[in-house]
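Engineer: Handing you this structure, nothing more for now.
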Amino acid sequence: MKFRAIKGVQDILPPDVYVWQEVESAARQVFAPFGYKEIRTPVMEFTEVFTRSIGETTDIVEKEMYTFNDRAGRSITLRPEGTAPVVRAYVENHLYRLPSPQKYYYIGPMFRYERPQRGRFRQFHQIGVEAFGEDDPRMDAEVLDMLRRFLERVGVEDLGFEINSIGCDACRPAYREAMVDFLSGRVDTLCTDCRRRYEVNPLRVLDCKAKGCSAMKEEAPRIIDYLCSDCRGHFEALRGHLESLGIPYRVNPGMVRGLDYYTRTTFEVTTESLGAQSAVAAGGRYDRLVEEFGGPAVPGIGFAIGMERLTMLIRDRHGVEEPAPSVYLAVIGADAEAAAYKLASEMRGSGIWAELDYSGASLRSQFKRADRLRAAYVFILGEDELARGAVRYKRLSDGLQGEIDMDDAVRFLSSQ
RNA sequence: GUGAGCGUAGCUCAAUGGUUAGAGCACUGGACUGUGGCUCCAGUGGUUGUGGGUUCGAGUCCCAUCGCUCACCCCA
């Protein structure tokens, strides 16, 4: 084999691609009544778009970005996530001047340089949404409501919603201090990774899955207990709205997201059936990000759904039916071939999927091909039929046969 | 970046260190001359990932390398 795909990227072939199309169309249909409009941003940005927003010390920025210099020497990065580009577009195009809130969704590829494994790829795809201009907790609950309705619509079940609040600039310093105090007496009990985290980003220790560290989580200070009154009120209100909307959820005080721009609400949708990669969708609020991008003080909230992970879940549940031709034109003889060739063009022009082949195979072979393609009808054009200006038809589902005028062929199929 | 497992036909897999590497499915044709599915018959298809080594002899054992997969880290 001369060429192979790059590690961690994959072709999406039929029939899988039909699952993708279904999911994408479900997203558009579910999001529309919530007022979300599609936005398409470039797959690459200046590197600073990501380093400044995601955070210099995050894994994504430190080791996972596809970054290169273009021919003019500017540092360019293939987007590792969707929020930063949308925020950049929101600010650059002055979308904050439009009536608030502005709500957008996107569907497209993201790139991260990681070792691939189940549910994790170097090029992966996300369906994401971003809502700007509303910090009311009802907006948080609304976003989660939309996510729930989407997941229900595509038929995934057994998903858990986990929520947390990680506070704002006002309350996080106090919590960080409490964590450092708590950890300083226990550095020896931490795993090597967590000792590093203790220095760089103490909150991340809560994310550790090592036994010693996770045992300690029980006693660790919880961000929820350190929220300022505004953030506490926001979180309590969110919980109330989720309950009134009938969205089941679990508060996970240990959930810390991997991007630095989040404030207040964070959430994650997880499943048991994806191996080590349990998150199918995740998101949160980012009330400072628009400002950091040079825009006005506009709050935002959004989430992203992992397409590969989602389609893995639903492919097991229902096979998607591949489309099949309406008719296969089986021919005998050169004159019939010429007539069928023209007839096929006419049918296709009328939106009818017609197949025929040019191999001159036996009628029997042509029937076999029609059967394999799962064609609804075979039309037979032979010398006899041609002489009468007619075609024989056979319905493959039940073998029903008959004859019609060739001029009626398109109408016949259109009425089926 | 770290660790483990696996690479044989298009696909799923066999083959104790011993002849010319097999089977099912798929594909092509035939039995059935102008009628599919079921059945039967035949055929096409291989540098056993690649390169070295051990051996009288390697798909099999050893080394290296590449690839894939899974896990760690982290995340969608």
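Letters A, B, ... mark the chains of the structure tokens in the order given; residue numbers begin at 1 per chain; ligand numbers begin at 1, in order shown.
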Residues of chain A near chain B: apply a cut-off of 7 Å, count only C-alpha atoms (C1' of nucleotides), and supply the list as a ChimeraX atom specification.

Structural biologist: /A:59,117,126,279-281,304-306,363-364,367-368,371

Engineer: Per DSSP on the backbone, filter stretch 25-68 of chain A down to the residues in alpha helix (DSSP H) and report them as a list in words.

Structural biologist: Ser25, Ala26, Ala27, Arg28, Gln29, Val30, Phe31, Thr47, Glu48, Val49, Phe50, Thr51, Arg52, Ser53, Ile54, Asp59, Ile60, Val61, Glu62 and Lys63 of chain A

Engineer: Neighbouring residues of A:Ser244 were defined as those with any atom within 10 Å, considering only C-alpha atoms (C1' of nucleotides); residues of the same chain fewer than 5 positions away were excluded. Please report them as a PyMOL selection string.

Structural biologist: chain A and resi 141+238-239

Engineer: Kindly save the residues from that selection, with C-alpha atoms included, as a PDB file, in the first residue's frame.

Structural biologist:
```pdb
ATOM      1  CA  ALA A 141     -30.366  25.194  32.772  1.00  0.00           C
ATOM      2  CA  LEU A 238     -29.409  26.476  38.585  1.00  0.00           C
ATOM      3  CA  ARG A 239     -30.183  23.386  40.641  1.00  0.00           C
TER       4      ARG A 239
END
```

Engineer: Choose the residue, out of A:Tyr341, A:Phe34, A:Phe293, A:Tyr262, that has the smallest atom-to-atom separation from A:Glu142; count only C-alpha atoms.

Structural biologist: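 Smallest separation from A:Glu142 among the options: A:Phe34.
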
Engineer: Extract the full set of strand (DSSP E) residues from stretch 154-399 of chain A according to DSSP on the backbone, and format it as JSON, numbers by chain.

Structural biologist: {"A": [160, 161, 162, 163, 164, 165, 250, 251, 263, 264, 265, 266, 267, 268, 269, 270, 279, 280, 281, 282, 283, 284, 285, 300, 301, 302, 303, 304, 305, 306, 327, 328, 329, 330, 331, 354, 355, 377, 378, 379, 380, 381, 390, 391, 392, 393, 394, 395]}

Engineer: Compare B:G18, B:C38, B:C27, B:U8 by their minimum atom-to-atom distance to B:G59, counting only C-alpha atoms (C1' of nucleotides), and give me the closest one.

Structural biologist: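 That would be B:U8, the residue with the smallest distance to B:G59.
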
Engineer: Compare B:C6, B:C11, B:C56, B:C66 by their minimum atom-to-atom distance to B:A26, counting only C-alpha atoms (C1' of nucleotides), and give me the closest one.

Structural biologist: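 So, comparing all the options, the nearest one is B:C11.
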
Engineer: So that I can check the surroundings of B:A64, please list as a ChimeraX atom specification every protein, DNA and RNA residue that reaches within 12 Å of it, counting only C-alpha atoms (C1' of nucleotides) and ignoring chain neighbours fewer than 4 positions away.

Structural biologist: /B:50-53

Engineer: Taking N, CA and C atoms (P, O5', C5', C4', C3', O3' and C1' of nucleotides) for each residue, export the selection above as a tab-separated table (two decimals), in the first residue's frame.

Structural biologist:
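The result, written out as out_1.tsv:
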```
chain	number	residue	atom	x	y	z
B	50	U	P	5.97	-8.70	4.76
B	50	U	O5'	7.06	-7.59	5.06
B	50	U	C5'	7.12	-6.40	4.29
B	50	U	C4'	8.25	-5.52	4.78
B	50	U	C3'	9.59	-6.22	4.93
B	50	U	O3'	10.29	-6.33	3.71
B	50	U	C1'	9.14	-4.98	6.88
B	51	G	P	11.27	-7.57	3.46
B	51	G	O5'	12.50	-7.24	4.41
B	51	G	C5'	13.24	-6.04	4.24
B	51	G	C4'	14.28	-5.89	5.30
B	51	G	C3'	15.11	-7.13	5.60
B	51	G	O3'	16.11	-7.34	4.63
B	51	G	C1'	14.42	-6.15	7.63
B	52	G	P	16.91	-8.74	4.61
B	52	G	O5'	17.80	-8.53	5.91
B	52	G	C5'	18.53	-9.58	6.44
B	52	G	C4'	19.02	-9.24	7.82
B	52	G	C3'	19.41	-10.45	8.64
B	52	G	O3'	20.72	-10.88	8.33
B	52	G	C1'	17.95	-9.13	9.90
B	53	G	P	20.91	-12.45	7.95
B	53	G	O5'	20.85	-13.11	9.39
B	53	G	C5'	21.71	-12.61	10.42
B	53	G	C4'	21.26	-13.10	11.77
B	53	G	C3'	21.18	-14.61	11.94
B	53	G	O3'	22.45	-15.19	12.15
B	53	G	C1'	19.26	-13.60	12.88
```

Engineer: List every residue of stretch 320-386 of chain A that has an atom at most 9 Å from any atom of stretch 396-407 of chain A, giving for each one its closest atom pair and the distance in Å to one decimal, counting only C-alpha atoms, sorted by chain and then by ascending residue number, as a tab-separated table.

Structural biologist:
```
residue	atom	partner	partner_atom	distance
A:Leu343	CA	A:Met406	CA	8.5
A:Ala370	CA	A:Leu396	CA	8.7
A:Asp371	CA	A:Leu396	CA	7.3
A:Arg374	CA	A:Leu396	CA	8.2
A:Ala375	CA	A:Leu396	CA	7.3
A:Ala376	CA	A:Leu396	CA	5.8
A:Tyr377	CA	A:Leu396	CA	5.7
A:Val378	CA	A:Leu396	CA	7.1
A:Glu385	CA	A:Glu403	CA	8.7
A:Leu386	CA	A:Met406	CA	8.6
```

Engineer: Could you pull the residues within 7 Å of A:Ala170, counting only C-alpha atoms (C1' of nucleotides), minus those fewer than 2 positions along the same chain, as a PDB file with C-alpha atoms, in the first residue's frame?

Structural biologist:
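Result file follows (part.pdb):
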```
ATOM      1  CA  CYS A 168     -15.463  33.248  39.820  1.00  0.00           C
ATOM      2  CA  ARG A 172     -11.470  31.204  43.582  1.00  0.00           C
ATOM      3  CA  CYS A 228     -18.982  33.790  47.105  1.00  0.00           C
TER       4      CYS A 228
END
```
